[in-house]
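Raw contents of coords-v3.cif, mmCIF, C-alpha atoms:
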```cif
data_work
#
loop_
_atom_site.label_atom_id
_atom_site.label_comp_id
_atom_site.auth_asym_id
_atom_site.auth_seq_id
_atom_site.Cartn_x
_atom_site.Cartn_y
_atom_site.Cartn_z
CA MET A 1 -13.20 -29.58 8.63
CA ASN A 2 -16.79 -29.97 9.76
CA ARG A 3 -18.97 -27.62 7.80
CA ILE A 4 -21.94 -25.99 9.40
CA ASN A 5 -25.16 -27.55 8.18
CA GLY A 6 -26.76 -25.48 5.46
CA LEU A 7 -27.45 -25.20 1.79
CA ARG A 8 -24.59 -25.71 -0.64
CA ALA A 9 -23.86 -22.62 -2.74
CA HIS A 10 -25.33 -24.01 -5.95
CA ALA A 11 -28.54 -25.05 -4.20
CA LEU A 12 -28.89 -21.57 -2.72
CA ILE A 13 -28.42 -19.89 -6.08
CA ALA A 14 -30.85 -22.24 -7.77
CA LEU A 15 -33.43 -21.43 -5.12
CA LEU A 16 -32.89 -17.69 -5.50
CA LEU A 17 -33.17 -17.86 -9.28
CA PHE A 18 -36.36 -19.84 -8.95
CA THR A 19 -37.88 -17.50 -6.36
CA PHE A 20 -37.04 -14.12 -7.90
CA ALA A 21 -37.86 -13.02 -11.42
CA SER A 22 -34.85 -10.71 -11.65
CA THR A 23 -31.41 -12.24 -11.14
CA VAL A 24 -29.64 -10.78 -8.14
CA PHE A 25 -26.76 -13.25 -8.02
CA SER A 26 -24.56 -14.99 -10.53
CA TRP A 27 -22.80 -18.26 -9.72
CA ALA A 28 -20.46 -20.34 -11.82
CA PRO A 29 -17.65 -22.83 -11.24
CA ILE A 30 -14.31 -21.83 -12.72
CA ALA A 31 -11.16 -23.73 -13.56
CA SER A 32 -8.95 -21.46 -11.50
CA ALA A 33 -9.73 -19.29 -8.49
CA ASP A 34 -7.40 -16.63 -9.89
CA ASN A 35 -9.48 -16.13 -13.04
CA GLU A 36 -11.41 -13.19 -11.63
CA SER A 37 -11.89 -11.12 -14.77
CA SER A 38 -14.28 -13.61 -16.37
CA LEU A 39 -16.52 -13.46 -13.32
CA LEU A 40 -17.56 -9.89 -14.03
CA SER A 41 -18.52 -10.21 -17.68
CA PRO A 42 -21.94 -8.83 -18.74
CA GLN A 43 -23.07 -12.36 -19.60
CA GLU A 44 -22.68 -13.48 -16.00
CA ALA A 45 -23.31 -10.32 -13.98
CA SER A 46 -26.81 -9.00 -13.48
CA THR A 47 -27.62 -5.29 -13.61
CA VAL A 48 -30.55 -5.02 -11.21
CA GLY A 49 -30.82 -1.93 -9.02
CA GLN A 50 -29.49 -1.51 -5.50
CA GLN A 51 -33.09 -1.58 -4.19
CA ASN A 52 -33.09 -5.36 -4.73
CA ILE A 53 -32.82 -6.87 -1.27
CA THR A 54 -32.93 -10.63 -0.86
CA MET A 55 -33.09 -12.50 2.44
CA HIS A 56 -31.73 -15.99 2.95
CA THR A 57 -32.24 -18.01 6.12
CA GLY A 58 -29.66 -20.74 6.69
CA ASP A 59 -25.93 -21.12 6.26
CA LEU A 60 -24.17 -20.17 3.04
CA VAL A 61 -21.40 -22.67 2.28
CA LEU A 62 -18.94 -22.16 -0.59
CA GLY A 63 -16.29 -24.75 -1.39
CA ASN A 64 -14.10 -26.20 -4.14
CA ASN A 65 -14.16 -23.70 -7.05
CA ASP A 66 -17.55 -22.15 -6.22
CA VAL A 67 -18.01 -18.49 -7.18
CA LEU A 68 -20.81 -16.27 -5.86
CA LEU A 69 -21.29 -12.79 -7.33
CA ILE A 70 -23.49 -10.19 -5.60
CA LYS A 71 -23.79 -7.29 -8.04
CA ASP A 72 -25.90 -4.15 -7.62
CA ALA A 73 -27.89 -5.88 -4.88
CA GLN A 74 -28.06 -6.67 -1.16
CA LEU A 75 -28.11 -10.11 0.43
CA ASN A 76 -29.46 -10.30 3.97
CA LEU A 77 -27.93 -13.50 5.31
CA LYS A 78 -29.59 -14.96 8.39
CA GLY A 79 -26.94 -17.60 8.96
CA ASN A 80 -23.24 -18.36 8.87
CA LEU A 81 -20.89 -17.91 5.91
CA VAL A 82 -18.35 -20.73 5.52
CA MET A 83 -15.85 -20.70 2.65
CA SER A 84 -13.11 -23.19 1.77
CA GLY A 85 -11.16 -24.60 -1.16
CA ASN A 86 -10.63 -22.03 -3.93
CA SER A 87 -14.09 -20.51 -3.56
CA ILE A 88 -14.62 -16.79 -4.20
CA LEU A 89 -17.32 -14.39 -3.02
CA ILE A 90 -17.43 -11.18 -5.09
CA LEU A 91 -19.33 -8.05 -4.07
CA ASP A 92 -19.56 -5.60 -6.98
CA ASN A 93 -21.55 -2.60 -5.75
CA GLY A 94 -23.14 -5.16 -3.46
CA VAL A 95 -23.99 -5.39 0.24
CA LEU A 96 -23.70 -8.43 2.49
CA TYR A 97 -25.88 -7.81 5.53
CA PRO A 98 -25.89 -10.19 8.52
CA ASP A 99 -29.58 -10.35 9.35
CA PHE A 100 -30.38 -12.30 12.50
CA GLU A 101 -32.93 -12.43 15.29
CA LYS A 102 -31.53 -14.40 18.22
CA GLY A 103 -28.35 -16.04 16.96
CA GLN A 104 -24.96 -14.45 16.47
CA TYR A 105 -23.48 -15.66 13.21
CA SER A 106 -19.91 -15.92 11.98
CA TYR A 107 -18.14 -15.56 8.64
CA LYS A 108 -15.16 -17.91 8.37
CA LEU A 109 -12.77 -18.39 5.46
CA TYR A 110 -10.50 -21.44 5.21
CA GLU A 111 -7.82 -22.77 2.84
CA ASN A 112 -7.49 -20.58 -0.31
CA SER A 113 -10.92 -18.96 -0.25
CA LYS A 114 -11.22 -15.26 -1.01
CA ILE A 115 -13.64 -12.35 -0.69
CA VAL A 116 -13.36 -9.55 -3.27
CA MET A 117 -15.11 -6.23 -2.57
CA GLN A 118 -15.21 -3.46 -5.18
CA ASN A 119 -17.21 -0.48 -6.44
CA ASN A 120 -18.75 0.82 -3.19
CA SER A 121 -19.51 -2.59 -1.75
CA LYS A 122 -20.10 -3.08 1.95
CA ILE A 123 -20.10 -5.78 4.60
CA GLU A 124 -22.09 -4.61 7.61
CA SER A 125 -20.91 -4.81 11.20
CA LEU A 126 -23.36 -7.14 12.94
CA ILE A 127 -21.37 -10.37 12.48
CA PHE A 128 -20.19 -12.01 15.69
CA ASP A 129 -16.90 -13.31 14.23
CA PHE A 130 -15.23 -12.59 10.88
CA ILE A 131 -12.11 -14.76 10.73
CA LEU A 132 -9.57 -15.65 8.01
CA TYR A 133 -7.67 -18.92 8.46
CA ASP A 134 -4.96 -20.72 6.47
CA ASN A 135 -4.28 -18.93 3.13
CA ALA A 136 -7.61 -17.14 2.95
CA GLY A 137 -7.73 -13.51 1.84
CA ILE A 138 -9.90 -10.45 1.41
CA ASN A 139 -9.27 -7.77 -1.25
CA ILE A 140 -11.10 -4.47 -0.82
CA THR A 141 -11.22 -1.70 -3.44
CA GLU A 142 -13.29 1.48 -3.03
CA SER A 143 -15.49 -0.25 -0.47
CA ASN A 144 -16.34 -0.32 3.24
CA LEU A 145 -15.68 -3.19 5.65
CA ALA A 146 -17.63 -2.09 8.71
CA LYS A 147 -17.02 -5.28 10.71
CA SER A 148 -13.77 -5.97 12.53
CA ILE A 149 -11.85 -8.82 10.89
CA ILE A 150 -9.42 -11.34 12.36
CA LEU A 151 -6.41 -12.85 10.57
CA GLU A 152 -5.90 -16.02 12.55
CA ARG A 153 -3.24 -18.31 11.08
CA VAL A 154 -0.51 -19.04 8.56
CA ASN A 155 -0.70 -16.87 5.41
CA ALA A 156 -4.01 -15.03 5.66
CA THR A 157 -3.95 -11.72 3.74
CA LEU A 158 -5.85 -8.45 3.74
CA GLN A 159 -5.43 -5.84 1.01
CA ALA A 160 -7.35 -2.56 0.89
CA VAL A 161 -7.16 0.29 -1.63
CA ASN A 162 -9.22 3.51 -1.47
CA SER A 163 -11.41 1.97 1.22
CA HIS A 164 -12.40 2.10 4.88
CA ILE A 165 -11.86 -0.70 7.39
CA SER A 166 -13.26 -0.69 10.90
CA THR A 167 -10.90 -2.90 12.93
CA VAL A 168 -8.28 -5.52 12.09
CA ASP A 169 -6.92 -8.08 14.55
CA ALA A 170 -3.93 -9.91 13.10
CA TYR A 171 -2.57 -12.48 15.52
CA GLY A 172 -1.50 -16.10 15.73
CA GLY A 173 0.24 -15.99 12.36
CA GLY A 174 3.78 -15.73 13.63
CA GLY A 175 4.47 -12.91 11.21
CA THR A 176 3.51 -14.87 8.09
CA SER A 177 0.18 -13.18 7.44
CA GLN A 178 0.23 -10.00 5.34
CA ILE A 179 -1.66 -6.71 5.52
CA ARG A 180 -1.48 -4.07 2.77
CA ILE A 181 -3.51 -0.87 3.14
CA THR A 182 -3.16 1.92 0.55
CA ASN A 183 -4.85 5.32 0.36
CA SER A 184 -7.44 4.21 2.89
CA THR A 185 -8.68 4.87 6.41
CA ALA A 186 -9.01 2.46 9.31
CA GLY A 187 -10.18 2.49 12.90
CA GLN A 188 -7.88 0.28 14.96
CA LEU A 189 -5.19 -2.07 13.67
CA ARG A 190 -3.84 -4.62 16.15
CA LEU A 191 -0.88 -6.08 14.32
CA SER A 192 1.38 -9.06 14.89
CA CYS A 193 2.23 -9.73 11.24
CA ASN A 194 4.12 -7.96 8.45
CA SER A 195 2.14 -4.89 7.41
CA ARG A 196 2.51 -2.05 4.93
CA LEU A 197 0.41 1.10 5.36
CA VAL A 198 0.73 3.58 2.48
CA ASP A 199 -0.82 7.05 2.03
CA SER A 200 -3.41 6.26 4.69
CA HIS A 201 -4.74 7.45 8.05
CA ILE A 202 -5.21 5.06 10.96
CA ASP A 203 -6.93 6.03 14.20
CA SER A 204 -4.95 3.59 16.34
CA ILE A 205 -2.08 1.15 15.69
CA VAL A 206 -1.14 -1.47 18.27
CA VAL A 207 1.89 -3.62 17.45
CA THR A 208 2.34 -6.78 19.52
CA ASN A 209 4.72 -9.59 18.68
CA ASN A 210 6.55 -12.19 20.74
CA ILE A 211 6.86 -14.99 18.17
CA SER A 212 9.14 -13.93 15.32
CA PRO A 213 10.52 -10.70 13.80
CA ILE A 214 7.93 -8.64 11.92
CA TYR A 215 8.01 -5.28 10.17
CA VAL A 216 5.25 -2.69 10.22
CA ASP A 217 6.07 -0.07 7.57
CA VAL A 218 4.15 3.21 7.82
CA ILE A 219 4.71 5.09 4.55
CA ASN A 220 3.57 8.68 4.09
CA SER A 221 0.77 7.87 6.52
CA THR A 222 -0.55 9.31 9.76
CA TYR A 223 -2.04 7.88 12.92
CA ASP A 224 -3.62 9.32 16.05
CA GLN A 225 -2.14 6.73 18.42
CA LEU A 226 0.71 4.21 18.27
CA ASP A 227 1.12 1.59 21.01
CA THR A 228 4.43 -0.32 21.00
CA SER A 229 4.47 -1.24 24.69
CA ASN A 230 4.45 -4.97 23.79
CA LEU A 231 6.51 -4.68 20.63
CA GLY A 232 8.70 -7.72 21.34
CA GLN A 233 10.67 -8.61 18.21
CA GLY A 234 8.61 -6.28 16.04
CA ILE A 235 10.01 -3.21 14.28
CA VAL A 236 7.95 -0.18 13.24
CA ARG A 237 9.47 1.96 10.49
CA THR A 238 8.18 5.35 9.37
CA TYR A 239 8.92 6.35 5.77
CA TRP A 240 8.40 9.64 3.93
CA TYR A 241 8.62 10.61 0.28
CA LEU A 242 11.50 12.82 -0.83
CA THR A 243 10.93 14.34 -4.28
CA VAL A 244 14.04 15.96 -5.77
CA LEU A 245 13.66 18.49 -8.60
CA VAL A 246 16.86 19.18 -10.52
CA GLU A 247 16.89 22.40 -12.52
CA SER A 248 19.28 24.73 -14.25
CA GLN A 249 18.33 28.38 -14.69
CA GLY A 250 14.66 27.46 -14.17
CA THR A 251 14.66 24.57 -16.67
CA PRO A 252 14.16 20.95 -15.48
CA VAL A 253 17.20 18.75 -16.08
CA GLN A 254 16.52 15.26 -17.42
CA ASP A 255 18.78 12.23 -16.82
CA ALA A 256 20.67 13.81 -13.95
CA VAL A 257 21.91 11.19 -11.47
CA VAL A 258 20.44 11.74 -8.01
CA GLN A 259 22.04 9.85 -5.12
CA ILE A 260 20.81 9.75 -1.52
CA TYR A 261 23.39 9.18 1.22
CA SER A 262 22.77 8.57 4.90
CA GLN A 263 24.50 11.19 7.02
CA ALA A 264 24.86 8.64 9.83
CA ASN A 265 27.44 6.50 7.99
CA ASN A 266 27.81 8.18 4.57
CA SER A 267 26.41 5.06 2.86
CA LEU A 268 24.50 5.15 -0.43
CA VAL A 269 20.80 4.54 0.30
CA ALA A 270 19.17 5.03 -3.12
CA GLU A 271 19.90 6.26 -6.63
CA GLN A 272 17.73 7.36 -9.57
CA THR A 273 17.95 9.41 -12.75
CA THR A 274 15.58 12.32 -13.19
CA SER A 275 12.53 12.11 -15.44
CA SER A 276 11.67 14.43 -18.32
CA GLU A 277 10.17 16.72 -15.66
CA GLY A 278 13.49 16.81 -13.82
CA THR A 279 12.21 14.87 -10.80
CA ALA A 280 13.19 11.74 -8.89
CA GLN A 281 11.10 10.41 -5.99
CA PHE A 282 12.41 8.33 -3.11
CA GLU A 283 10.75 6.43 -0.27
CA LEU A 284 13.10 6.86 2.68
CA PRO A 285 12.99 5.69 6.31
CA ALA A 286 12.96 8.45 8.90
CA LEU A 287 12.18 6.71 12.20
CA GLU A 288 12.68 3.17 13.50
CA ILE A 289 11.06 1.86 16.67
CA SER A 290 12.25 -1.42 18.21
CA GLU A 291 12.46 -2.98 21.65
CA HIS A 292 15.61 -0.88 22.12
CA GLY A 293 13.73 2.40 21.64
CA GLU A 294 13.38 5.03 18.91
CA THR A 295 16.11 5.82 16.38
CA GLN A 296 15.95 8.89 14.14
CA ILE A 297 17.36 7.99 10.72
CA GLY A 298 15.93 10.79 8.58
CA GLU A 299 19.07 12.86 7.92
CA TYR A 300 20.27 12.54 4.33
CA THR A 301 22.59 14.17 1.80
CA ILE A 302 21.37 14.63 -1.78
CA ARG A 303 24.11 14.47 -4.42
CA VAL A 304 23.30 15.40 -8.01
CA ASN A 305 25.72 14.60 -10.83
CA GLN A 306 25.32 16.00 -14.34
CA ASN A 307 28.00 16.50 -16.99
CA GLN A 308 30.88 16.34 -14.50
CA THR A 309 29.11 18.84 -12.25
CA GLN A 310 28.19 17.73 -8.71
CA VAL A 311 25.94 19.61 -6.30
CA GLN A 312 24.85 18.41 -2.86
CA GLU A 313 22.21 19.44 -0.33
CA ASN A 314 21.41 18.19 3.20
CA VAL A 315 17.83 17.42 4.27
CA THR A 316 16.07 16.15 7.40
CA LEU A 317 12.88 14.15 6.80
CA ASN A 318 10.06 14.71 9.30
CA ALA A 319 7.36 14.51 6.63
CA SER A 320 7.13 14.05 2.88
CA MET A 321 8.84 16.95 1.15
CA GLU A 322 10.08 18.35 -2.15
CA LYS A 323 13.60 19.67 -2.58
CA THR A 324 14.88 21.70 -5.51
CA VAL A 325 18.55 21.29 -6.39
CA SER A 326 19.96 23.83 -8.81
CA LEU A 327 22.85 23.23 -11.12
CA SER A 328 23.05 26.90 -10.37
CA ALA A 329 23.83 29.77 -12.66
CA ASP A 330 26.23 30.98 -9.96
CA LEU A 331 28.29 27.81 -10.27
CA GLN A 332 28.24 28.07 -14.04
CA ILE A 333 29.27 31.72 -13.84
CA ILE A 334 32.15 30.84 -11.52
CA ILE A 335 33.34 28.11 -13.88
CA PHE A 336 33.01 30.45 -16.85
CA ALA A 337 34.83 33.21 -14.96
CA VAL A 338 37.70 30.88 -14.03
CA ILE A 339 38.03 29.78 -17.65
CA ALA A 340 37.90 33.41 -18.79
CA VAL A 341 40.62 34.42 -16.31
CA ILE A 342 42.82 31.55 -17.48
CA VAL A 343 42.34 32.59 -21.11
CA ILE A 344 43.13 36.22 -20.28
CA LEU A 345 46.26 35.22 -18.37
CA VAL A 346 47.42 33.08 -21.27
CA VAL A 347 46.84 35.98 -23.67
CA VAL A 348 48.66 38.43 -21.37
CA VAL A 349 51.63 36.10 -20.97
CA PHE A 350 51.73 35.58 -24.72
CA LEU A 351 51.67 39.34 -25.36
CA ILE A 352 54.42 39.96 -22.79
CA LEU A 353 56.63 37.32 -24.34
CA LEU A 354 55.91 38.69 -27.79
CA PHE A 355 56.71 42.25 -26.64
CA ARG A 356 60.03 41.15 -25.08
CA LYS A 357 60.98 39.27 -28.21
CA LYS A 358 60.40 42.36 -30.35
CA ARG A 359 62.48 44.54 -28.01
CA LYS A 360 65.41 42.15 -28.26
CA GLN A 361 65.24 42.40 -32.01
#
```
Written as structure tokens, that's how I'd like the structure from this file.
Amino acid sequence: MNRINGLRAHALIALLLFTFASTVFSWAPIASADNESSLLSPQEASTVGQQNITMHTGDLVLGNNDVLLIKDAQLNLKGNLVMSGNSILILDNGVLYPDFEKGQYSYKLYENSKIVMQNNSKIESLIFDFILYDNAGINITESNLAKSIILERVNATLQAVNSHISTVDAYGGGGTSQIRITNSTAGQLRLSCNSRLVDSHIDSIVVTNNISPIYVDVINSTYDQLDTSNLGQGIVRTYWYLTVLVESQGTPVQDAVVQIYSQANNSLVAEQTTSSEGTAQFELPALEISEHGETQIGEYTIRVNQNQTQVQENVTLNASMEKTVSLSADLQIIIFAVIAVIVILVVVVFLILLFRKKRKQ
């Protein structure tokens, strides 16, 4: 791969350290790209204020095991960002701002390189292209990715938790790239790879796939618009949470066996035992969209078994819901009444037989 001419990462950091009295960045090679915890130690991370803004003109190139940490500071980069190897760029309450005059710069990640954003970090939106190739990835936690990002090939990954993402274009991966978004918001997602959206809100989802089967799972999440007009071999599945509370005379029942059966074919879908609070939570599919159309699959039967007592309830999932199942006092009363009647009948029969025996004597 031809790298764009520019300073190597270590040369850039050396220049910054020489130019500025306070350290805005921390850079260090590491033995493994997965050893992220050591990168954020107080010995390596600076604690300068967010008002520290540094400008760099020229390309920023990270390769091999290079690590660049931007902590509590902003880097205005007037140039391209090129990452490869096992290199890592970490923004910890940091801002990466594409600052340019005439050119339109790109951020491109190759091989196993990774960007980690955390603690209210931000990448601004002025980049011309932001593309992940090969096995590159970006992990976002409690941060804001204002620029649209492209997952181009092979096994590129995007994971976001408690964050906001502007736009994601995932194409060309043949379903092998991965997107995981949890408890976050996003503008538009154009998806042609396996994706899992959990507890989130998306303005627009467009699913397009003509290469290989993919699954887009939308779990306890909402969207304003869903476009499946070019779905191809893709499948979109909507899931909701079903929380079952098992109680008896107002008291939660622990260790009750809760089984979920599909009403469509009476097959067992899931099974759990209740917690100390008497609850069991399930993640159940309710709607499936494929090239053949929409299929409603959200009708289930709840069966609760406890001490040879079985109770069942039917539910239809159109949203996440809670359902209380009572090992009811009425059922217990009926059982007790039946036993009492049997005992009384036995006593009556015994007394009749005893009375007849005495009369014969």
Selection result for the PyMOL selection byres ((chain A and resi 81) around 9) on this file, as a PDB file with C-alpha atoms, in the frame of the given file:
```pdb
ATOM      1  CA  ILE A   4     -21.940 -25.990   9.400  1.00  0.00           C
ATOM      2  CA  ASP A  59     -25.930 -21.120   6.260  1.00  0.00           C
ATOM      3  CA  LEU A  60     -24.170 -20.170   3.040  1.00  0.00           C
ATOM      4  CA  VAL A  61     -21.400 -22.670   2.280  1.00  0.00           C
ATOM      5  CA  LEU A  62     -18.940 -22.160  -0.590  1.00  0.00           C
ATOM      6  CA  LEU A  77     -27.930 -13.500   5.310  1.00  0.00           C
ATOM      7  CA  GLY A  79     -26.940 -17.600   8.960  1.00  0.00           C
ATOM      8  CA  ASN A  80     -23.240 -18.360   8.870  1.00  0.00           C
ATOM      9  CA  VAL A  82     -18.350 -20.730   5.520  1.00  0.00           C
ATOM     10  CA  MET A  83     -15.850 -20.700   2.650  1.00  0.00           C
ATOM     11  CA  TYR A 105     -23.480 -15.660  13.210  1.00  0.00           C
ATOM     12  CA  SER A 106     -19.910 -15.920  11.980  1.00  0.00           C
ATOM     13  CA  TYR A 107     -18.140 -15.560   8.640  1.00  0.00           C
ATOM     14  CA  LYS A 108     -15.160 -17.910   8.370  1.00  0.00           C
ATOM     15  CA  LEU A 109     -12.770 -18.390   5.460  1.00  0.00           C
TER      16      LEU A 109
END
```
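The space separating atom CA of A:Val246 from atom CA of A:Ser262 comes to 19.6 Å.
Picture a line from atom CA of A:Ile202 to atom CA of A:Glu142; it runs 16.5 Å.
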Shell around A:Ile138 at 7 Å using only C-alpha atoms, local window under 2 positions removed, as a ChimeraX atom specification: /A:114-116,140,157-159
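If you look at atom CA of A:Ser148 and atom CA of A:Phe130, they are 7.0 Å away from each other.
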Contact residues around A:Val168 with all atoms listed in the file at 9 Å, ignoring same-chain residues under 4 positions, as a short mmCIF file (atom, residue, chain, number, x, y, z; two decimals) with C-alpha atoms, keeping the file's coordinate frame:
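Now in around.cif:
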```cif
data_model
loop_
_atom_site.label_atom_id
_atom_site.label_comp_id
_atom_site.auth_asym_id
_atom_site.auth_seq_id
_atom_site.Cartn_x
_atom_site.Cartn_y
_atom_site.Cartn_z
CA LYS A 147 -17.02 -5.28 10.71
CA SER A 148 -13.77 -5.97 12.53
CA ILE A 149 -11.85 -8.82 10.89
CA ILE A 150 -9.42 -11.34 12.36
CA LEU A 151 -6.41 -12.85 10.57
CA ALA A 186 -9.01 2.46 9.31
CA GLY A 187 -10.18 2.49 12.90
CA GLN A 188 -7.88 0.28 14.96
CA LEU A 189 -5.19 -2.07 13.67
CA ARG A 190 -3.84 -4.62 16.15
CA LEU A 191 -0.88 -6.08 14.32
#
```
Can you list what the PyMOL selection byres ((chain A and resi 323) around 10) grabs from this structure, as number ranges by chain? A: 242-246, 279, 302, 313-315, 321-322, 324-326
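Taking only C-alpha atoms into account, A:Leu231 lies nearest to A:Ile205 out of the set A:Ile205, A:Ile297, A:Val347, A:Ile181.
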So that I can check the surroundings of A:Lys122, please list as number ranges by chain every protein, DNA and RNA residue that reaches within 8 Å of it, counting all atoms listed in the file and ignoring chain neighbours fewer than 3 positions away. A: 91, 93-96, 117, 143-146
Expected file contents, prior selection, C-alpha atoms, as an mmCIF file, keeping the file's coordinate frame:
```cif
data_model
loop_
_atom_site.group_PDB
_atom_site.id
_atom_site.type_symbol
_atom_site.label_atom_id
_atom_site.label_comp_id
_atom_site.auth_asym_id
_atom_site.auth_seq_id
_atom_site.Cartn_x
_atom_site.Cartn_y
_atom_site.Cartn_z
ATOM 1 C CA LEU A 91 -19.330 -8.050 -4.070
ATOM 2 C CA ASN A 93 -21.550 -2.600 -5.750
ATOM 3 C CA GLY A 94 -23.140 -5.160 -3.460
ATOM 4 C CA VAL A 95 -23.990 -5.390 0.240
ATOM 5 C CA LEU A 96 -23.700 -8.430 2.490
ATOM 6 C CA MET A 117 -15.110 -6.230 -2.570
ATOM 7 C CA SER A 143 -15.490 -0.250 -0.470
ATOM 8 C CA ASN A 144 -16.340 -0.320 3.240
ATOM 9 C CA LEU A 145 -15.680 -3.190 5.650
ATOM 10 C CA ALA A 146 -17.630 -2.090 8.710
#
```
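What the PyMOL selection byres ((chain A and resi 220-223) around 6) matches in the given file is Val198, Asp199, Ser200, His201, Ile202, Asp203, Val218, Ile219, Asp224, Gln225 and Trp240 of chain A.
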Looking at all atoms listed in the file, which of A:Thr54, A:Ser121, A:Asn112, A:Ser87 is the one that sits closest to A:Asp99? A:Thr54
Can you tell me, as an MDAnalysis selection string, what residues are no more than 6 Å from A:Ser84 when counting only C-alpha atoms, ignoring any on the same chain fewer than 5 positions away? chainID A and resid 63 110:111 113
Restrict the selected residues to C-alpha atoms and save them as a compact mmCIF listing (two decimals), in the frame of the given file.
```
# COMPACT_ATOMS: atom_id res chain seq x y z
CA GLY A 63 -16.29 -24.75 -1.39
CA TYR A 110 -10.50 -21.44 5.21
CA GLU A 111 -7.82 -22.77 2.84
CA SER A 113 -10.92 -18.96 -0.25
```
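When only C-alpha atoms are used to compute distances to A:Gly232, the closest of the residues A:Glu124, A:Glu291, A:Glu277, A:Glu299 turns out to be A:Glu291.
Using only C-alpha atoms, the nearest neighbour of A:Ile235 within the list A:Gly278, A:Pro98, A:Gly293, A:Gly250 is A:Gly293.
Compared by their closest atoms to A:Ser195, and using only C-alpha atoms, the residues A:Gln178, A:Thr238, A:Asn230, A:Gln249 rank with A:Gln178 nearest.
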